[in-house]
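Listing of run.pdb, PDB, C-alpha atoms
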MODEL        1
ATOM      1  CA  MET D   1     138.928 128.462  64.236
ATOM      2  CA  ARG D   2     135.958 129.107  61.960
ATOM      3  CA  GLU D   3     134.599 125.623  62.649
ATOM      4  CA  LEU D   4     134.901 126.195  66.393
ATOM      5  CA  LYS D   5     132.890 129.419  66.192
ATOM      6  CA  ILE D   6     130.180 127.675  64.167
ATOM      7  CA  LEU D   7     130.077 124.856  66.737
ATOM      8  CA  ILE D   8     129.722 127.355  69.599
ATOM      9  CA  VAL D   9     126.826 129.120  67.857
ATOM     10  CA  VAL D  10     125.040 125.818  67.142
ATOM     11  CA  VAL D  11     125.537 124.578  70.714
ATOM     12  CA  PHE D  12     124.336 127.899  72.160
ATOM     13  CA  PHE D  13     121.051 127.981  70.236
ATOM     14  CA  SER D  14     120.482 124.269  70.823
ATOM     15  CA  LEU D  15     120.807 124.811  74.567
ATOM     16  CA  VAL D  16     118.501 127.844  74.476
ATOM     17  CA  THR D  17     115.888 125.750  72.675
ATOM     18  CA  TYR D  18     116.288 122.729  74.951
ATOM     19  CA  TRP D  19     116.437 124.523  78.312
ATOM     20  CA  GLY D  20     114.421 127.611  77.477
ATOM     21  CA  VAL D  21     111.901 127.392  74.673
ATOM     22  CA  GLU D  22     110.842 123.735  75.017
ATOM     23  CA  PRO D  23     110.231 123.783  78.811
ATOM     24  CA  PHE D  24     108.346 127.077  78.500
ATOM     25  CA  ALA D  25     106.109 125.665  75.762
ATOM     26  CA  HIS D  26     105.517 122.529  77.817
ATOM     27  CA  SER D  27     104.607 124.587  80.883
ATOM     28  CA  GLN D  28     101.991 126.470  78.888
ATOM     29  CA  MET D  29     100.436 123.281  77.530
ATOM     30  CA  HIS D  30     100.611 121.204  80.731
ATOM     31  CA  LYS D  31     100.147 122.719  84.145
ATOM     32  CA  HIS D  32     102.616 121.722  86.845
ATOM     33  CA  VAL D  33     101.125 120.204  89.986
ATOM     34  CA  GLU D  34     103.159 119.775  93.149
ATOM     35  CA  SER D  35     103.192 116.287  94.616
ATOM     36  CA  GLY D  36     102.000 115.719  98.151
ATOM     37  CA  GLU D  37     104.496 112.849  98.466
ATOM     38  CA  PHE D  38     101.571 110.466  99.137
ATOM     39  CA  GLN D  39     101.136 111.757 102.684
ATOM     40  CA  TYR D  40      97.405 112.651 102.403
ATOM     41  CA  LYS D  41      97.784 115.406 104.965
ATOM     42  CA  ASP D  42      94.109 116.317 104.713
ATOM     43  CA  MET D  43      93.309 112.964 106.323
ATOM     44  CA  PRO D  44      93.983 112.484 110.043
ATOM     45  CA  ALA D  45      96.615 110.047 111.263
ATOM     46  CA  VAL D  46      95.468 106.664 112.531
ATOM     47  CA  ALA D  47      96.467 105.358 115.939
ATOM     48  CA  GLU D  48      97.674 101.790 116.379
ATOM     49  CA  GLY D  49      94.684  99.570 117.066
ATOM     50  CA  ASP D  50      93.939  96.023 118.175
ATOM     51  CA  ALA D  51      94.564  93.627 115.271
ATOM     52  CA  ALA D  52      92.498  90.812 116.833
ATOM     53  CA  LYS D  53      89.432  93.034 117.216
ATOM     54  CA  GLY D  54      90.041  94.394 113.746
ATOM     55  CA  GLY D  55      90.042  90.871 112.339
ATOM     56  CA  GLU D  56      86.664  90.181 113.903
ATOM     57  CA  LEU D  57      85.254  93.363 112.387
ATOM     58  CA  VAL D  58      86.658  92.537 108.944
ATOM     59  CA  MET D  59      85.139  89.051 109.010
ATOM     60  CA  ALA D  60      81.796  90.476 110.075
ATOM     61  CA  ASN D  61      81.657  93.401 107.637
ATOM     62  CA  CYS D  62      84.018  92.960 104.674
ATOM     63  CA  VAL D  63      84.136  89.372 103.446
ATOM     64  CA  ALA D  64      80.654  89.539 101.939
ATOM     65  CA  CYS D  65      82.287  91.485  99.084
ATOM     66  CA  HIS D  66      86.047  91.066  99.464
ATOM     67  CA  ALA D  67      88.393  88.121  99.280
ATOM     68  CA  ILE D  68      91.266  87.727 101.735
ATOM     69  CA  THR D  69      93.056  84.832 100.100
ATOM     70  CA  SER D  70      96.035  84.971 102.445
ATOM     71  CA  GLN D  71      93.616  84.099 105.273
ATOM     72  CA  GLY D  72      91.755  81.437 103.330
ATOM     73  CA  VAL D  73      88.779  83.671 102.472
ATOM     74  CA  ALA D  74      87.793  83.241  98.839
ATOM     75  CA  ALA D  75      86.003  85.868  96.783
ATOM     76  CA  PRO D  76      82.217  85.490  97.120
ATOM     77  CA  MET D  77      81.791  86.105  93.360
ATOM     78  CA  ASP D  78      83.851  85.748  90.231
ATOM     79  CA  PRO D  79      85.091  89.047  88.702
ATOM     80  CA  VAL D  80      82.424  89.262  85.990
ATOM     81  CA  THR D  81      79.535  88.603  88.382
ATOM     82  CA  ALA D  82      81.007  91.065  90.894
ATOM     83  CA  SER D  83      81.306  93.752  88.217
ATOM     84  CA  THR D  84      77.647  93.187  87.313
ATOM     85  CA  SER D  85      76.736  93.983  90.916
ATOM     86  CA  TYR D  86      79.248  96.714  91.755
ATOM     87  CA  GLY D  87      80.594  97.979  88.436
ATOM     88  CA  VAL D  88      84.076  96.744  89.333
ATOM     89  CA  ASN D  89      85.482  93.703  91.103
ATOM     90  CA  PRO D  90      86.138  94.488  94.813
ATOM     91  CA  PRO D  91      89.831  94.085  95.668
ATOM     92  CA  ASP D  92      91.407  91.246  97.594
ATOM     93  CA  LEU D  93      92.334  92.689 101.012
ATOM     94  CA  SER D  94      95.309  90.417 101.678
ATOM     95  CA  ASN D  95      97.885  93.162 101.094
ATOM     96  CA  ALA D  96      95.793  96.310 101.397
ATOM     97  CA  GLY D  97      97.558  97.235 104.634
ATOM     98  CA  ALA D  98     100.925  97.367 102.874
ATOM     99  CA  ILE D  99      99.865  98.967  99.598
ATOM    100  CA  PHE D 100      97.660 101.793 100.834
ATOM    101  CA  ALA D 101      98.461 104.551 103.329
ATOM    102  CA  SER D 102      96.969 103.943 106.774
ATOM    103  CA  ASN D 103      95.239 107.314 107.038
ATOM    104  CA  TYR D 104      93.781 106.867 103.544
ATOM    105  CA  LEU D 105      92.472 103.407 104.438
ATOM    106  CA  ALA D 106      90.773 104.755 107.534
ATOM    107  CA  ALA D 107      89.220 107.653 105.610
ATOM    108  CA  PHE D 108      88.136 105.304 102.821
ATOM    109  CA  ILE D 109      86.422 102.922 105.229
ATOM    110  CA  ALA D 110      84.539 105.846 106.790
ATOM    111  CA  ASP D 111      83.514 107.461 103.488
ATOM    112  CA  PRO D 112      84.886 105.859 100.298
ATOM    113  CA  ALA D 113      83.481 108.426  97.857
ATOM    114  CA  LYS D 114      84.922 111.371  99.783
ATOM    115  CA  ALA D 115      88.304 109.761 100.471
ATOM    116  CA  SER D 116      88.810 108.812  96.834
ATOM    117  CA  ASN D 117      87.609 112.215  95.564
ATOM    118  CA  VAL D 118      84.741 110.888  93.460
ATOM    119  CA  SER D 119      81.801 112.385  95.348
ATOM    120  CA  HIS D 120      80.877 114.247  92.144
ATOM    121  CA  LYS D 121      79.882 110.885  90.637
ATOM    122  CA  PHE D 122      77.235 110.382  93.282
ATOM    123  CA  PRO D 123      75.388 113.719  93.717
ATOM    124  CA  GLU D 124      72.705 113.930  96.353
ATOM    125  CA  GLY D 125      69.311 113.027  94.997
ATOM    126  CA  SER D 126      70.688 111.158  91.992
ATOM    127  CA  GLY D 127      69.958 107.749  93.446
ATOM    128  CA  LYS D 128      73.562 106.755  92.806
ATOM    129  CA  SER D 129      75.944 105.692  95.532
ATOM    130  CA  HIS D 130      79.473 104.385  95.816
ATOM    131  CA  PRO D 131      79.499 100.562  95.520
ATOM    132  CA  MET D 132      81.161 100.331  98.910
ATOM    133  CA  PRO D 133      78.955 101.574 101.752
ATOM    134  CA  ALA D 134      80.280 104.232 104.112
ATOM    135  CA  TYR D 135      81.149 102.989 107.578
ATOM    136  CA  ASN D 136      81.055 106.442 109.153
ATOM    137  CA  TRP D 137      78.725 105.032 111.779
ATOM    138  CA  MET D 138      81.615 102.950 113.082
ATOM    139  CA  ALA D 139      83.686 104.292 115.982
ATOM    140  CA  PRO D 140      87.127 105.667 114.972
ATOM    141  CA  GLU D 141      88.721 103.127 117.316
ATOM    142  CA  ASP D 142      87.091 100.269 115.431
ATOM    143  CA  ILE D 143      88.231 101.650 112.074
ATOM    144  CA  ALA D 144      91.761 101.904 113.501
ATOM    145  CA  ASN D 145      91.466  98.259 114.590
ATOM    146  CA  ILE D 146      90.544  97.255 111.019
ATOM    147  CA  VAL D 147      93.491  99.171 109.566
ATOM    148  CA  THR D 148      95.848  97.580 112.096
ATOM    149  CA  TYR D 149      94.533  94.119 111.189
ATOM    150  CA  LEU D 150      95.002  94.732 107.459
ATOM    151  CA  LYS D 151      98.571  95.868 108.112
ATOM    152  CA  SER D 152      99.265  92.797 110.252
ATOM    153  CA  ILE D 153      98.260  90.275 107.571
ATOM    154  CA  ALA D 154      99.980  92.002 104.627
ATOM    155  CA  LYS D 155     103.150  90.524 103.125
ATOM    156  CA  ALA D 156     106.371  92.201 104.209
ATOM    157  CA  GLU D 157     107.628  92.505 100.640
ATOM    158  CA  LEU D 158     105.573  92.792  97.475
ATOM    159  CA  THR D 159     106.741  92.659  93.882
ATOM    160  CA  PRO D 160     106.019  95.579  91.544
ATOM    161  CA  LYS D 161     103.507  93.435  89.661
ATOM    162  CA  GLU D 162     101.655  92.438  92.842
ATOM    163  CA  VAL D 163     101.231  96.099  93.757
ATOM    164  CA  PHE D 164     100.122  96.975  90.226
ATOM    165  CA  ILE D 165      97.480  94.231  90.229
ATOM    166  CA  ASP D 166      95.943  95.336  93.536
ATOM    167  CA  ALA D 167      96.220  99.070  92.854
ATOM    168  CA  CYS D 168      95.425  99.280  89.139
ATOM    169  CA  GLY D 169      94.683  95.895  87.633
ATOM    170  CA  ARG D 170      90.934  95.713  88.255
ATOM    171  CA  CYS D 171      90.291  98.718  85.997
ATOM    172  CA  HIS D 172      93.294  98.822  83.655
ATOM    173  CA  ALA D 173      94.569  96.236  81.216
ATOM    174  CA  ALA D 174      98.197  95.871  80.091
ATOM    175  CA  ARG D 175      98.277  94.041  76.786
ATOM    176  CA  TYR D 176     102.090  93.861  76.659
ATOM    177  CA  ASP D 177     102.403  92.264  80.102
ATOM    178  CA  GLY D 178     103.239  88.747  78.982
ATOM    179  CA  LYS D 179     106.260  86.657  78.094
ATOM    180  CA  VAL D 180     104.828  85.213  74.874
ATOM    181  CA  MET D 181     102.236  86.155  72.284
ATOM    182  CA  GLY D 182      98.715  85.521  73.570
ATOM    183  CA  GLU D 183      99.546  86.405  77.187
ATOM    184  CA  LYS D 184      98.519  89.744  78.679
ATOM    185  CA  TRP D 185      97.090  91.299  81.817
ATOM    186  CA  THR D 186      93.334  91.829  81.654
ATOM    187  CA  GLN D 187      90.983  93.340  84.214
ATOM    188  CA  ILE D 188      89.981  89.840  85.321
ATOM    189  CA  GLY D 189      93.489  88.413  85.553
ATOM    190  CA  GLN D 190      96.483  87.240  83.570
ATOM    191  CA  LYS D 191      95.497  85.719  80.251
ATOM    192  CA  GLU D 192      97.812  82.813  79.655
ATOM    193  CA  LYS D 193      98.477  81.011  76.389
ATOM    194  CA  PHE D 194      95.545  78.636  75.851
ATOM    195  CA  LYS D 195      95.958  75.275  74.180
ATOM    196  CA  TYR D 196      92.631  75.529  72.367
ATOM    197  CA  GLU D 197      91.293  78.563  70.529
ATOM    198  CA  LYS D 198      87.785  78.068  71.922
ATOM    199  CA  ASP D 199      89.126  78.463  75.473
ATOM    200  CA  SER D 200      90.913  81.654  74.494
ATOM    201  CA  LEU D 201      87.728  83.029  72.935
ATOM    202  CA  ALA D 202      85.685  82.088  76.019
ATOM    203  CA  TYR D 203      88.139  84.022  78.184
ATOM    204  CA  ASP D 204      87.957  87.030  75.848
ATOM    205  CA  ILE D 205      84.161  87.015  76.124
ATOM    206  CA  GLN D 206      84.435  87.203  79.919
ATOM    207  CA  VAL D 207      86.836  90.119  79.598
ATOM    208  CA  LEU D 208      84.414  91.943  77.271
ATOM    209  CA  GLU D 209      81.530  91.396  79.701
ATOM    210  CA  TYR D 210      83.621  92.771  82.552
ATOM    211  CA  GLN D 211      84.689  95.752  80.451
ATOM    212  CA  ASP D 212      81.074  96.533  79.549
ATOM    213  CA  ASN D 213      80.174  96.652  83.250
ATOM    214  CA  LEU D 214      83.248  98.746  83.990
ATOM    215  CA  LYS D 215      82.353 101.233  81.244
ATOM    216  CA  LYS D 216      78.880 101.695  82.743
ATOM    217  CA  TYR D 217      80.397 102.358  86.156
ATOM    218  CA  MET D 218      83.280 104.590  85.091
ATOM    219  CA  GLY D 219      81.639 106.325  82.132
ATOM    220  CA  LYS D 220      84.307 105.022  79.744
ATOM    221  CA  LEU D 221      86.760 102.170  79.668
ATOM    222  CA  PRO D 222      89.971 103.073  81.554
ATOM    223  CA  PRO D 223      92.991 103.056  79.225
ATOM    224  CA  ASP D 224      95.422 100.229  78.710
ATOM    225  CA  LEU D 225      98.583 101.090  80.667
ATOM    226  CA  SER D 226     101.139  99.177  78.609
ATOM    227  CA  ILE D 227     102.970 102.247  77.307
ATOM    228  CA  ILE D 228     101.638 104.985  79.585
ATOM    229  CA  ILE D 229     105.183 105.363  80.968
ATOM    230  CA  ARG D 230     106.211 106.695  77.546
ATOM    231  CA  ALA D 231     103.133 108.816  76.936
ATOM    232  CA  ARG D 232     103.094 110.836  80.181
ATOM    233  CA  SER D 233     105.680 112.681  82.234
ATOM    234  CA  GLU D 234     106.807 111.477  85.645
ATOM    235  CA  ASN D 235     105.219 114.488  87.362
ATOM    236  CA  PHE D 236     101.900 113.913  85.617
ATOM    237  CA  LEU D 237     101.754 110.242  86.534
ATOM    238  CA  GLU D 238     102.756 110.858  90.157
ATOM    239  CA  THR D 239     100.248 113.628  90.789
ATOM    240  CA  PHE D 240      97.501 111.957  88.758
ATOM    241  CA  ILE D 241      97.785 108.703  90.693
ATOM    242  CA  GLU D 242      97.961 110.594  93.981
ATOM    243  CA  ASN D 243      94.940 112.775  93.200
ATOM    244  CA  PRO D 244      93.484 112.523  89.669
ATOM    245  CA  GLN D 245      91.354 115.639  90.145
ATOM    246  CA  THR D 246      94.448 117.870  90.175
ATOM    247  CA  GLN D 247      95.243 116.967  86.578
ATOM    248  CA  LEU D 248      91.811 116.153  85.178
ATOM    249  CA  GLU D 249      88.988 117.743  87.123
ATOM    250  CA  GLY D 250      85.801 115.702  87.029
ATOM    251  CA  THR D 251      87.507 112.455  86.080
ATOM    252  CA  ALA D 252      85.905 109.230  87.262
ATOM    253  CA  MET D 253      89.240 107.782  88.339
ATOM    254  CA  PRO D 254      89.488 107.669  92.134
ATOM    255  CA  ALA D 255      92.435 108.713  94.243
ATOM    256  CA  VAL D 256      94.021 105.331  94.884
ATOM    257  CA  GLY D 257      95.669 106.018  98.249
ATOM    258  CA  LEU D 258      99.049 104.416  97.589
ATOM    259  CA  THR D 259     102.031 104.853  99.833
ATOM    260  CA  LYS D 260     105.139 106.393  98.264
ATOM    261  CA  GLU D 261     106.797 102.973  98.155
ATOM    262  CA  SER D 262     103.753 101.417  96.473
ATOM    263  CA  TYR D 263     103.684 104.184  93.882
ATOM    264  CA  GLU D 264     107.344 103.560  93.064
ATOM    265  CA  LYS D 265     106.628  99.852  92.611
ATOM    266  CA  VAL D 266     103.713 100.599  90.288
ATOM    267  CA  MET D 267     105.995 102.824  88.231
ATOM    268  CA  LYS D 268     108.646 100.102  88.186
ATOM    269  CA  HIS D 269     106.131  97.623  86.784
ATOM    270  CA  LEU D 270     104.897 100.113  84.184
ATOM    271  CA  GLU D 271     108.520 100.649  83.187
ATOM    272  CA  ASN D 272     109.079  96.892  82.947
ATOM    273  CA  ILE D 273     106.202  96.419  80.501
ATOM    274  CA  GLY D 274     106.356  99.769  78.685
ATOM    275  CA  ASP D 275     110.124 100.102  78.329
ATOM    276  CA  PRO D 276     111.628  96.649  78.930
ATOM    277  CA  SER D 277     114.890  97.467  77.157
ATOM    278  CA  LYS D 278     115.759 100.342  79.510
ATOM    279  CA  PRO D 279     118.218  98.375  81.733
ATOM    280  CA  GLU D 280     120.042  97.078  78.657
ATOM    281  CA  ARG D 281     120.049 100.558  77.122
ATOM    282  CA  ASP D 282     121.391 102.109  80.315
ATOM    283  CA  GLY D 283     124.128  99.468  80.414
ATOM    284  CA  LEU D 284     125.245 100.442  76.917
ATOM    285  CA  GLY D 285     125.430 104.145  77.803
ATOM    286  CA  ILE D 286     128.974 104.117  79.176
ATOM    287  CA  TRP D 287     130.211 102.226  76.113
ATOM    288  CA  PHE D 288     128.517 104.689  73.782
ATOM    289  CA  LEU D 289     130.153 107.633  75.583
ATOM    290  CA  LEU D 290     133.524 105.906  75.384
ATOM    291  CA  TYR D 291     133.036 105.274  71.663
ATOM    292  CA  THR D 292     132.060 108.932  71.133
ATOM    293  CA  ALA D 293     135.186 110.141  72.952
ATOM    294  CA  ILE D 294     137.487 107.885  70.909
ATOM    295  CA  PHE D 295     135.722 108.844  67.668
ATOM    296  CA  THR D 296     136.102 112.552  68.520
ATOM    297  CA  VAL D 297     139.841 112.192  69.131
ATOM    298  CA  LEU D 298     140.299 110.269  65.875
ATOM    299  CA  ALA D 299     138.204 112.808  63.949
ATOM    300  CA  VAL D 300     140.311 115.714  65.241
ATOM    301  CA  LEU D 301     143.549 113.897  64.374
ATOM    302  CA  TRP D 302     142.219 113.035  60.914
ATOM    303  CA  LYS D 303     141.170 116.661  60.314
ATOM    304  CA  LYS D 304     144.630 117.926  61.276
ATOM    305  CA  SER D 305     146.265 115.354  59.021
ATOM    306  CA  VAL D 306     144.138 116.265  55.990
ATOM    307  CA  TRP D 307     144.068 120.038  56.391
ATOM    308  CA  LYS D 308     147.689 120.647  57.428
ATOM    309  CA  LYS D 309     148.756 120.382  53.774
ATOM    310  CA  LEU D 310     146.314 123.153  52.803
ATOM    311  CA  HIS D 311     147.492 125.766  55.303
TER     312      HIS D 311
ENDMDL
END
Written as structure tokens, how would this file's structure read?
Amino acid sequence: MRELKILIVVVFFSLVTYWGVEPFAHSQMHKHVESGEFQYKDMPAVAEGDAAKGGELVMANCVACHAITSQGVAAPMDPVTASTSYGVNPPDLSNAGAIFASNYLAAFIADPAKASNVSHKFPEGSGKSHPMPAYNWMAPEDIANIVTYLKSIAKAELTPKEVFIDACGRCHAARYDGKVMGEKWTQIGQKEKFKYEKDSLAYDIQVLEYQDNLKKYMGKLPPDLSIIIRARSENFLETFIENPQTQLEGTAMPAVGLTKESYEKVMKHLENIGDPSKPERDGLGIWFLLYTAIFTVLAVLWKKSVWKKLH
């Protein structure tokens, strides 16, 4: 009976600490931000447009900077050269219509700095401007046509890694994203295992050049995301990706404009590279609980067997 009372006291104070003290301390150190569920309600909805007209507008206005590889349009510059010109490599638009919310895309085309919440980086009179020009001179119907075209050419199903590359991979590296040593995701692409060391070093030099340009544009080099899934809470990552200014006011990271589904795929990829043993660990959970239950029964029986002679 004495042991049971001690157990109850220990369990009680453990629960108070876990469900009372620790969450309170965390709430004081990290503010809680409510998610907008990637709806971007401050941006107006976009009507269905004419994909054919949108395609003509994209070919006339976008391919000077952007690749659309699914349509046979190659990038006009390699990533390093592009980053020298723009600070960052412009994204391939092949799957933009599936990855990004339609109303965000429309708002971004009209005014990229405002839509991505980085206007503070380009104050009036500073001589600085967003690398993508604003198309606010374009009629809303034409912008809707462009969005409709981008949606029409996007793949129906994208892998978590494909979404990560388009949404995050031009600014963030992931050094653990590789099957063997020497492979990793860099801002200019997947570094494979090279046969010759000189080729590996040449690739690394290109990465360093790109990173130098990115640092000038962003103010600092964006962090490697290999283990970010372990370093930050789910709420922080969701609200930070949705609108970075809510968690870190003044940050140079733009609001990315992902759909809810795209965000979940990004998180899945981050989980795959940052916590690859999670599925195996989850699979062992039921066996661990079963072992604990059997061990508890045996421990109780053993205790009764040993102590019955002393009472």
CA of Ser152 (chain D) and CA of Ala139 (chain D) are how many Å apart?
20.2 Å
Would you kindly return, as an mmCIF file with C-alpha atoms, in the frame of the given file, each protein, DNA or RNA residue with an atom no farther than 10 Å from any atom of Thr148 (chain D), considering all atoms listed in the file and excluding same-chain residues fewer than 6 positions away?
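Output below, filename part_32.cif:
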data_model
loop_
_atom_site.group_PDB
_atom_site.id
_atom_site.type_symbol
_atom_site.label_atom_id
_atom_site.label_comp_id
_atom_site.auth_asym_id
_atom_site.auth_seq_id
_atom_site.Cartn_x
_atom_site.Cartn_y
_atom_site.Cartn_z
ATOM 1 C CA VAL D 46 95.468 106.664 112.531
ATOM 2 C CA ALA D 47 96.467 105.358 115.939
ATOM 3 C CA GLU D 48 97.674 101.790 116.379
ATOM 4 C CA GLY D 49 94.684 99.570 117.066
ATOM 5 C CA ASP D 50 93.939 96.023 118.175
ATOM 6 C CA ALA D 51 94.564 93.627 115.271
ATOM 7 C CA ALA D 52 92.498 90.812 116.833
ATOM 8 C CA LYS D 53 89.432 93.034 117.216
ATOM 9 C CA GLY D 54 90.041 94.394 113.746
ATOM 10 C CA GLY D 55 90.042 90.871 112.339
ATOM 11 C CA GLY D 97 97.558 97.235 104.634
ATOM 12 C CA SER D 102 96.969 103.943 106.774
ATOM 13 C CA ALA D 106 90.773 104.755 107.534
ATOM 14 C CA ASP D 142 87.091 100.269 115.431
#
List the spatial neighbours of Gly72 (chain D) as a compact mmCIF listing (two decimals) with C-alpha atoms, keeping the file's coordinate frame - criterion: any atom at most 12 Å away, only C-alpha atoms, same-chain residues fewer than 2 positions off excluded.
# COMPACT_ATOMS: atom_id res chain seq x y z
CA MET D 59 85.14 89.05 109.01
CA VAL D 63 84.14 89.37 103.45
CA HIS D 66 86.05 91.07 99.46
CA ALA D 67 88.39 88.12 99.28
CA ILE D 68 91.27 87.73 101.74
CA THR D 69 93.06 84.83 100.10
CA SER D 70 96.04 84.97 102.44
CA ALA D 74 87.79 83.24 98.84
CA ALA D 75 86.00 85.87 96.78
CA ASP D 92 91.41 91.25 97.59
CA LEU D 93 92.33 92.69 101.01
CA SER D 94 95.31 90.42 101.68
CA ILE D 153 98.26 90.28 107.57
Report, as JSON, the axis-aligned box around all atoms of region 284-295 of chain D present in the file, extended by 4 Å on each side; give centre and edge lengths in Å to one decimal place.
{"center_x": 131.4, "center_y": 105.3, "center_z": 73.4, "size_x": 20.2, "size_y": 17.7, "size_z": 19.5}
Surrounding residues of Tyr263 (chain D) excluding itself and chain neighbours under 6 positions, 12 Å, all atoms listed in the file, as number ranges by chain
D: 37-39, 98-101, 159-164, 166-168, 234, 237-242, 256-257, 269-270
For Asn272 (chain D), work out the shell of residues within 12 Å, counting all atoms listed in the file and skipping chain neighbours fewer than 3 positions away, then give it as a VMD selection string.
chain D and resid 159 to 161 164 174 176 to 179 225 to 230 265 to 269 275 to 280
Between CA of Pro131 (chain D) and CA of Ala107 (chain D) - distance in Å to one decimal:
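Those two atoms sit 15.7 Å apart.
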In terms of the shortest atom-to-atom distance over all atoms listed in the file, which of D:Lys198, D:His120, D:Arg170, D:Lys41 is closest to Ala252 (chain D)?
D:His120
Selection result for the PyMOL selection byres ((chain D and resi 192) around 6) on this file, as number ranges by chain
D: 183, 191, 193
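Nearest to Thr251 (chain D) of all the residues D:Leu301, D:Ala96, D:Ala134, D:Val118 is D:Val118, based on all atoms listed in the file.
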Separation of CA of Ala113 (chain D) and CA of Asn235 (chain D), in Å?
24.9 Å
Using all atoms listed in the file, find the one residue out of D:Ala115, D:Leu290, D:Ala45, D:Cys65 that sits nearest to Ala255 (chain D).
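Of the candidates, the smallest distance to Ala255 (chain D) is held by D:Ala115.
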For Lys155 (chain D), which residue among D:Glu264, D:Ser129, D:Gln71, D:Asp111 is the nearest when counting only C-alpha atoms?
D:Gln71
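The residue that comes closest to Glu209 (chain D), out of D:Asn136, D:Gln247, D:Ser83, D:Thr17 and on the basis of all atoms listed in the file, is D:Ser83.
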Starting from the shown file, work through the PyMOL selection byres ((chain D and resi 84) around 12) and note down what comes out as JSON, numbers by chain.
{"D": [77, 78, 79, 80, 81, 82, 83, 85, 86, 87, 88, 89, 90, 131, 206, 209, 210, 211, 212, 213, 214, 215, 216, 217]}
Counting all atoms listed in the file, which residue out of D:Lys121, D:Leu57, D:Tyr203, D:Ala173 sits closest to Glu141 (chain D)?
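Among the listed residues, D:Leu57 lies closest to Glu141 (chain D).
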